$ cat coords-v4.cif   # mmCIF, C-alpha atoms
data_work
loop_
_atom_site.label_atom_id
_atom_site.label_comp_id
_atom_site.auth_asym_id
_atom_site.auth_seq_id
_atom_site.Cartn_x
_atom_site.Cartn_y
_atom_site.Cartn_z
CA ASP A 18 -3.65 18.08 -8.59
CA ALA A 19 -1.24 15.77 -10.40
CA GLY A 20 -1.15 13.27 -7.56
CA VAL A 21 2.02 11.74 -6.16
CA ILE A 22 4.81 11.88 -8.73
CA GLN A 23 7.57 9.32 -8.82
CA SER A 24 10.63 9.12 -11.02
CA PRO A 25 11.95 7.23 -12.76
CA ARG A 26 9.10 4.88 -13.61
CA HIS A 27 11.51 2.13 -14.57
CA GLU A 28 15.12 1.64 -13.60
CA VAL A 29 17.46 -1.11 -14.71
CA THR A 30 20.88 -1.14 -13.15
CA GLU A 31 23.76 -3.45 -12.48
CA MET A 32 24.59 -4.91 -9.13
CA GLY A 33 26.79 -2.58 -7.12
CA GLN A 34 25.49 0.61 -8.65
CA GLU A 35 23.81 3.39 -6.69
CA VAL A 36 20.11 3.89 -7.31
CA THR A 37 18.11 6.99 -6.37
CA LEU A 38 14.33 7.01 -6.47
CA ARG A 39 12.47 10.30 -6.28
CA CYS A 40 9.07 11.32 -5.00
CA LYS A 41 7.02 14.50 -5.03
CA PRO A 42 4.07 14.22 -2.64
CA ILE A 43 0.71 15.90 -3.05
CA SER A 44 0.91 19.54 -2.03
CA GLY A 45 -0.36 20.08 1.50
CA HIS A 46 0.13 16.49 2.63
CA ASN A 47 2.27 16.27 5.74
CA SER A 48 3.09 12.56 5.76
CA LEU A 49 5.15 10.64 3.22
CA PHE A 50 5.70 6.90 3.00
CA TRP A 51 8.06 4.65 1.05
CA TYR A 52 6.89 1.07 0.36
CA ARG A 53 8.39 -1.86 -1.47
CA GLN A 54 6.25 -4.49 -3.21
CA THR A 55 7.45 -7.93 -4.27
CA MET A 56 5.79 -11.23 -5.03
CA MET A 57 7.69 -12.80 -2.14
CA ARG A 58 6.78 -10.36 0.61
CA GLY A 59 3.89 -8.28 -0.65
CA LEU A 60 3.66 -4.61 0.30
CA GLU A 61 6.18 -3.56 2.95
CA LEU A 62 6.54 -0.17 4.61
CA LEU A 63 10.17 0.94 4.51
CA ILE A 64 10.03 4.34 6.18
CA TYR A 65 7.67 7.21 6.78
CA PHE A 66 8.06 10.91 7.43
CA ASN A 67 5.79 13.36 9.20
CA ASN A 68 6.45 17.06 8.54
CA ASN A 69 9.73 16.07 6.84
CA VAL A 70 10.98 14.20 9.91
CA PRO A 71 11.56 10.42 9.77
CA ILE A 72 9.19 8.80 12.25
CA ASP A 73 9.69 5.10 11.70
CA ASP A 74 12.46 3.51 9.63
CA SER A 75 12.19 0.05 11.13
CA GLY A 76 11.27 -1.37 7.74
CA MET A 77 14.46 -0.25 6.03
CA PRO A 78 16.17 -3.54 5.20
CA GLU A 79 19.75 -2.57 5.94
CA ASP A 80 22.32 0.17 5.83
CA ARG A 81 22.39 0.09 2.06
CA PHE A 82 19.04 1.87 2.10
CA SER A 83 18.63 5.50 3.07
CA ALA A 84 15.83 8.02 2.68
CA LYS A 85 15.69 11.79 2.96
CA MET A 86 13.05 14.45 2.87
CA PRO A 87 14.82 17.80 2.60
CA ASN A 88 11.56 19.72 2.21
CA ALA A 89 7.81 19.21 2.08
CA SER A 90 7.74 18.67 -1.68
CA PHE A 91 10.54 16.18 -2.26
CA SER A 92 11.89 12.89 -0.97
CA THR A 93 14.50 10.41 -2.13
CA LEU A 94 15.14 6.73 -1.45
CA LYS A 95 18.68 5.68 -2.16
CA ILE A 96 20.15 2.19 -2.43
CA GLN A 97 23.93 1.95 -2.40
CA PRO A 98 25.21 -0.53 -3.43
CA SER A 99 22.24 -2.18 -5.12
CA GLU A 100 21.80 -5.96 -5.18
CA PRO A 101 19.58 -8.25 -7.32
CA ARG A 102 17.34 -8.94 -4.30
CA ASP A 103 16.44 -5.24 -4.24
CA SER A 104 14.48 -5.74 -7.46
CA ALA A 105 10.91 -4.68 -6.71
CA VAL A 106 8.33 -1.99 -7.29
CA TYR A 107 8.90 0.94 -4.95
CA PHE A 108 5.92 3.11 -4.10
CA CYS A 109 5.80 6.50 -2.53
CA ALA A 110 2.57 7.63 -0.84
CA SER A 111 1.48 10.81 0.88
CA SER A 112 -1.38 11.71 3.17
CA GLU A 113 -2.98 14.31 5.34
CA ARG A 114 -4.51 11.63 7.55
CA THR A 115 -2.22 8.66 7.81
CA TYR A 116 -4.67 5.93 6.92
CA GLU A 117 -5.94 7.60 3.75
CA GLN A 118 -2.80 7.42 1.70
CA TYR A 119 -2.39 8.43 -1.93
CA PHE A 120 0.06 6.25 -3.79
CA GLY A 121 2.23 7.18 -6.72
CA PRO A 122 2.52 5.00 -9.84
CA GLY A 123 5.64 3.30 -8.50
CA THR A 124 9.18 2.77 -9.75
CA ARG A 125 9.96 -0.68 -11.07
CA LEU A 126 13.57 -1.43 -10.17
CA THR A 127 15.50 -4.26 -11.76
CA VAL A 128 19.01 -4.99 -10.53
CA THR A 129 20.95 -7.41 -12.70
CA GLY B 5 16.20 -23.30 -6.17
CA GLU B 6 12.70 -22.29 -7.08
CA SER B 7 11.45 -19.16 -5.35
CA VAL B 8 8.08 -19.28 -3.70
CA GLY B 9 5.98 -16.18 -3.92
CA LEU B 10 2.94 -15.13 -1.98
CA HIS B 11 -0.08 -17.12 -3.04
CA LEU B 12 -2.81 -14.56 -3.52
CA PRO B 13 -6.28 -15.98 -2.96
CA THR B 14 -8.45 -15.34 -5.99
CA LEU B 15 -12.15 -14.63 -6.13
CA SER B 16 -13.81 -15.05 -9.51
CA VAL B 17 -17.27 -13.55 -9.98
CA GLN B 18 -19.59 -12.93 -12.84
CA GLU B 19 -20.32 -9.37 -13.86
CA GLY B 20 -23.39 -8.11 -12.02
CA ASP B 21 -23.00 -10.45 -9.05
CA ASN B 22 -22.07 -9.29 -5.58
CA SER B 23 -18.52 -9.90 -4.34
CA ILE B 24 -17.36 -10.49 -0.78
CA ILE B 25 -13.67 -10.22 0.01
CA ASN B 26 -12.52 -11.32 3.44
CA CYS B 27 -9.60 -10.40 5.61
CA ALA B 28 -8.34 -11.55 8.99
CA TYR B 29 -6.48 -8.82 10.80
CA SER B 30 -3.77 -9.36 13.35
CA ASN B 31 -3.97 -6.85 16.18
CA SER B 32 -6.99 -6.64 18.46
CA ALA B 33 -5.80 -3.16 19.50
CA SER B 34 -6.09 -1.74 15.96
CA ASP B 35 -8.48 1.19 15.80
CA TYR B 36 -8.86 1.84 12.06
CA PHE B 37 -9.33 -0.58 9.21
CA ILE B 38 -9.03 0.34 5.59
CA TRP B 39 -9.55 -1.27 2.19
CA TYR B 40 -7.32 -0.45 -0.77
CA LYS B 41 -7.67 -1.47 -4.41
CA GLN B 42 -4.66 -2.04 -6.65
CA GLU B 43 -5.16 -2.31 -10.38
CA SER B 44 -2.48 -3.84 -12.54
CA GLY B 45 0.49 -1.53 -13.00
CA LYS B 46 -0.78 1.06 -10.53
CA GLY B 47 -0.36 1.97 -6.90
CA PRO B 48 -2.98 1.04 -4.29
CA GLN B 49 -6.02 3.30 -4.09
CA PHE B 50 -8.03 4.05 -0.94
CA ILE B 51 -11.59 2.69 -1.08
CA ILE B 52 -13.20 2.90 2.33
CA ASP B 53 -12.34 2.85 6.03
CA ILE B 54 -14.05 1.88 9.25
CA ARG B 55 -13.24 2.64 12.84
CA SER B 56 -13.23 -0.02 15.53
CA ASN B 57 -16.32 1.44 17.25
CA MET B 58 -18.41 0.62 14.19
CA ASP B 59 -19.42 -2.71 12.70
CA LYS B 60 -20.65 -1.55 9.30
CA ARG B 61 -20.02 1.31 6.93
CA GLN B 62 -21.41 1.86 3.45
CA GLY B 63 -19.98 3.69 0.49
CA GLN B 64 -20.91 3.82 -3.14
CA ARG B 65 -21.49 0.17 -4.13
CA VAL B 66 -19.20 -0.97 -1.31
CA THR B 67 -19.87 -2.00 2.27
CA VAL B 68 -17.28 -2.84 4.90
CA LEU B 69 -18.16 -5.09 7.82
CA LEU B 70 -16.07 -5.44 10.96
CA ASN B 71 -16.30 -8.30 13.43
CA LYS B 72 -13.93 -7.57 16.30
CA THR B 73 -14.81 -10.76 18.13
CA VAL B 74 -13.09 -12.88 15.50
CA LYS B 75 -10.83 -10.11 14.09
CA HIS B 76 -12.46 -10.28 10.69
CA LEU B 77 -13.03 -7.63 8.09
CA SER B 78 -14.96 -7.95 4.83
CA LEU B 79 -15.55 -5.83 1.77
CA GLN B 80 -18.77 -6.28 -0.15
CA ILE B 81 -19.01 -4.96 -3.68
CA ALA B 82 -22.49 -4.75 -5.14
CA ALA B 83 -23.15 -5.40 -8.83
CA THR B 84 -19.52 -6.17 -9.60
CA GLN B 85 -18.21 -4.63 -12.79
CA PRO B 86 -15.18 -5.44 -14.98
CA GLY B 87 -13.51 -2.28 -13.65
CA ASP B 88 -13.56 -3.83 -10.18
CA SER B 89 -10.98 -6.42 -11.27
CA ALA B 90 -7.93 -5.76 -9.11
CA VAL B 91 -6.09 -6.90 -6.00
CA TYR B 92 -7.78 -5.77 -2.80
CA PHE B 93 -5.79 -5.19 0.39
CA CYS B 94 -7.07 -4.73 3.88
CA ALA B 95 -4.96 -2.63 6.22
CA GLU B 96 -5.05 -1.87 9.92
CA THR B 97 -3.58 0.83 12.10
CA LEU B 98 -3.39 1.39 15.81
CA SER B 99 -4.36 5.02 15.66
CA PHE B 100 -5.27 7.92 13.45
CA ASN B 101 -1.67 8.90 12.77
CA ASP B 102 0.15 5.57 12.94
CA LYS B 103 1.52 3.46 10.13
CA LEU B 104 -0.62 0.99 8.17
CA ILE B 105 -0.08 -2.74 8.25
CA PHE B 106 -1.22 -4.25 4.98
CA GLY B 107 -2.54 -7.76 4.47
CA THR B 108 -1.38 -9.99 1.62
CA GLY B 109 -4.28 -9.16 -0.70
CA THR B 110 -7.04 -10.93 -2.63
CA ARG B 111 -7.29 -10.91 -6.40
CA LEU B 112 -10.78 -10.25 -7.75
CA GLN B 113 -11.47 -11.41 -11.29
CA VAL B 114 -14.69 -10.37 -12.97
CA PHE B 115 -15.81 -12.32 -16.02
CA PRO B 116 -18.65 -11.46 -18.39
#
$ encode --input "coords-v4.cif" --output "structure tokens"
Amino acid sequence: DAGVIQSPRHEVTEMGQEVTLRCKPISGHNSLFWYRQTMMRGLELLIYFNNNVPIDDSGMPEDRFSAKMPNASFSTLKIQPSEPRDSAVYFCASSERTYEQYFGPGTRLTVT
Amino acid sequence: GESVGLHLPTLSVQEGDNSIINCAYSNSASDYFIWYKQESGKGPQFIIDIRSNMDKRQGQRVTVLLNKTVKHLSLQIAATQPGDSAVYFCAETLSFNDKLIFGTGTRLQVFP
């Protein structure tokens, strides 16, 4: 198995632009998680899905952030409009059992 | 003004020595505790877990100890190797299918 796949690996954009991060979970996993990691706040859970349904989005910072999971093999995290404080590494993870999560390589986002 | 990031505690050990990484967890109701390893430029990787009804669990070269009385978790790595250099996170969860709450992490540096 290729593991969790994330794209792009790096994204540099200007403030105000829309950013879309993509994730393909491991086949057969029924839970998918989006995390953000920064030096200031460490690893934060943004949202997670179970069987394609959002279960907990309490970590989504504000309305500029949205996430979708249209099917079991694909999820997106969108930021519109992006701001410099959104600069971080964004990880997607998937699991069969929630506490044993498999993380992707991350997307490093820089908003200038 | 100057931004203040998380100050990661650092443990420096000599190759071949045993390492002990400690973690204080927050919720006495948590039922599962997990250790993750994050190497530079990669996503966190599951190492080992322990349930609240246990106080010790052993894996390959790693042992996790749980002390519920003082809400303390530790990860012991035997015969530490250069490949063990990484940031180690403890995580807790209320139940089998609930979200993980990650700690701030400890950086392990292994020198020859």
$ residues_around --input "coords-v4.cif" --residues "Phe120 in chain A" --least-positions-apart "4" --cutoff "10 Å" --atoms "all atoms listed in the file" --output "MDAnalysis selection string"
(chainID A and resid 20:23 42:43 49:52 108:112) or (chainID B and resid 42 46:50)
$ closest_atom_pairs --input "coords-v4.cif" --of "chain B" --to "chain A" --cutoff "10 Å" --atoms "all atoms listed in the file" --output "CSV"
residue,atom,partner,partner_atom,distance
B:Ser7,CA,A:Met57,CA,8.1
B:Val8,CA,A:Met57,CA,6.7
B:Gly9,CA,A:Met57,CA,4.2
B:Leu10,CA,A:Met57,CA,5.3
B:His11,CA,A:Met56,CA,8.6
B:Leu12,CA,A:Met56,CA,9.3
B:Tyr36,CA,A:Tyr116,CA,7.8
B:Phe37,CA,A:Tyr116,CA,8.3
B:Ile38,CA,A:Tyr116,CA,7.2
B:Trp39,CA,A:Glu117,CA,9.7
B:Tyr40,CA,A:Glu117,CA,9.3
B:Gln42,CA,A:Phe120,CA,10.0
B:Gly45,CA,A:Pro122,CA,7.5
B:Lys46,CA,A:Pro122,CA,5.2
B:Gly47,CA,A:Pro122,CA,5.1
B:Pro48,CA,A:Phe120,CA,6.1
B:Gln49,CA,A:Tyr119,CA,6.6
B:Phe50,CA,A:Glu117,CA,6.2
B:Ile51,CA,A:Glu117,CA,8.9
B:Ile52,CA,A:Glu117,CA,8.8
B:Asp53,CA,A:Glu117,CA,8.3
B:Phe93,CA,A:Leu60,CA,9.5
B:Ala95,CA,A:Tyr116,CA,8.6
B:Glu96,CA,A:Tyr116,CA,8.4
B:Thr97,CA,A:Tyr116,CA,7.4
B:Ser99,CA,A:Tyr116,CA,8.8
B:Phe100,CA,A:Thr115,CA,6.5
B:Asn101,CA,A:Thr115,CA,5.0
B:Asp102,CA,A:Thr115,CA,6.4
B:Lys103,CA,A:Thr115,CA,6.8
B:Leu104,CA,A:Tyr116,CA,6.5
B:Ile105,CA,A:Leu62,CA,8.0
B:Phe106,CA,A:Leu60,CA,6.8
B:Gly107,CA,A:Leu60,CA,8.1
B:Thr108,CA,A:Gly59,CA,6.0
B:Gly109,CA,A:Gly59,CA,8.2
$ residues_around --input "coords-v4.cif" --residues "Leu94 in chain A" --least-positions-apart "6" --cutoff "9 Å" --atoms "only C-alpha atoms" --output "MDAnalysis selection string"
chainID A and resid 36:40 51 82:85
$ residues_around --input "coords-v4.cif" --residues "Gln113 in chain B" --least-positions-apart "6" --cutoff "9 Å" --atoms "all atoms listed in the file" --output "NGL selection string"
:B and (14-18 or 86 or 88-91)
$ axis_aligned_box --input "coords-v4.cif" --around "range 55-70 of chain A" --padding-each-side "4 Å" --output "JSON"
{"center_x": 7.3, "center_y": 2.1, "center_z": 2.4, "size_x": 15.3, "size_y": 37.9, "size_z": 22.9}
$ residues_around --input "coords-v4.cif" --residues "Ser30 in chain B" --least-positions-apart "3" --cutoff "9 Å" --atoms "all atoms listed in the file" --output "PDB file with C-alpha atoms, in the coordinates of the input"
ATOM      1  CA  ALA B  33      -5.800  -3.160  19.500  1.00  0.00           C
ATOM      2  CA  SER B  34      -6.090  -1.740  15.960  1.00  0.00           C
ATOM      3  CA  LYS B  75     -10.830 -10.110  14.090  1.00  0.00           C
ATOM      4  CA  GLU B  96      -5.050  -1.870   9.920  1.00  0.00           C
TER       5      GLU B  96
END
$ atom_distance --input "coords-v4.cif" --atom1 "CA of Asn26 in chain B" --atom2 "CA of Glu43 in chain B"
18.1 Å
$ atom_distance --input "coords-v4.cif" --atom1 "CA of Asn57 in chain B" --atom2 "CA of Leu69 in chain B"
11.6 Å
$ closest_residue --input "coords-v4.cif" --among "A:Gly45, A:Pro71, A:Pro78, A:Pro25" --to "Ile96 in chain A" --atoms "only C-alpha atoms"
A:Pro78
$ residues_around --input "coords-v4.cif" --residues "Gly87 in chain B" --least-positions-apart "5" --cutoff "12 Å" --atoms "only C-alpha atoms" --output "list in words"
Glu19, Gly20, Lys41, Gln42, Glu43, Ser44, Ile81, Leu112, Gln113, Val114, Phe115 and Pro116 of chain B
$ closest_residue --input "coords-v4.cif" --among "B:Arg55, B:Lys60, B:Arg65, B:His76" --to "Ala28 in chain B" --atoms "only C-alpha atoms"
B:His76
$ closest_residue --input "coords-v4.cif" --among "B:Asn22, B:Ser56, B:Thr84, B:Thr67" --to "Leu98 in chain B" --atoms "all atoms listed in the file"
B:Ser56
$ atom_distance --input "coords-v4.cif" --atom1 "CA of Val68 in chain B" --atom2 "CA of Leu63 in chain A"
27.7 Å
$ residues_near_point --input "coords-v4.cif" --point "(14.3, -4.8, -8.9)" --cutoff "6 Å" --atoms "all atoms listed in the file" --output "ChimeraX atom specification"
/A:103-105,126-128
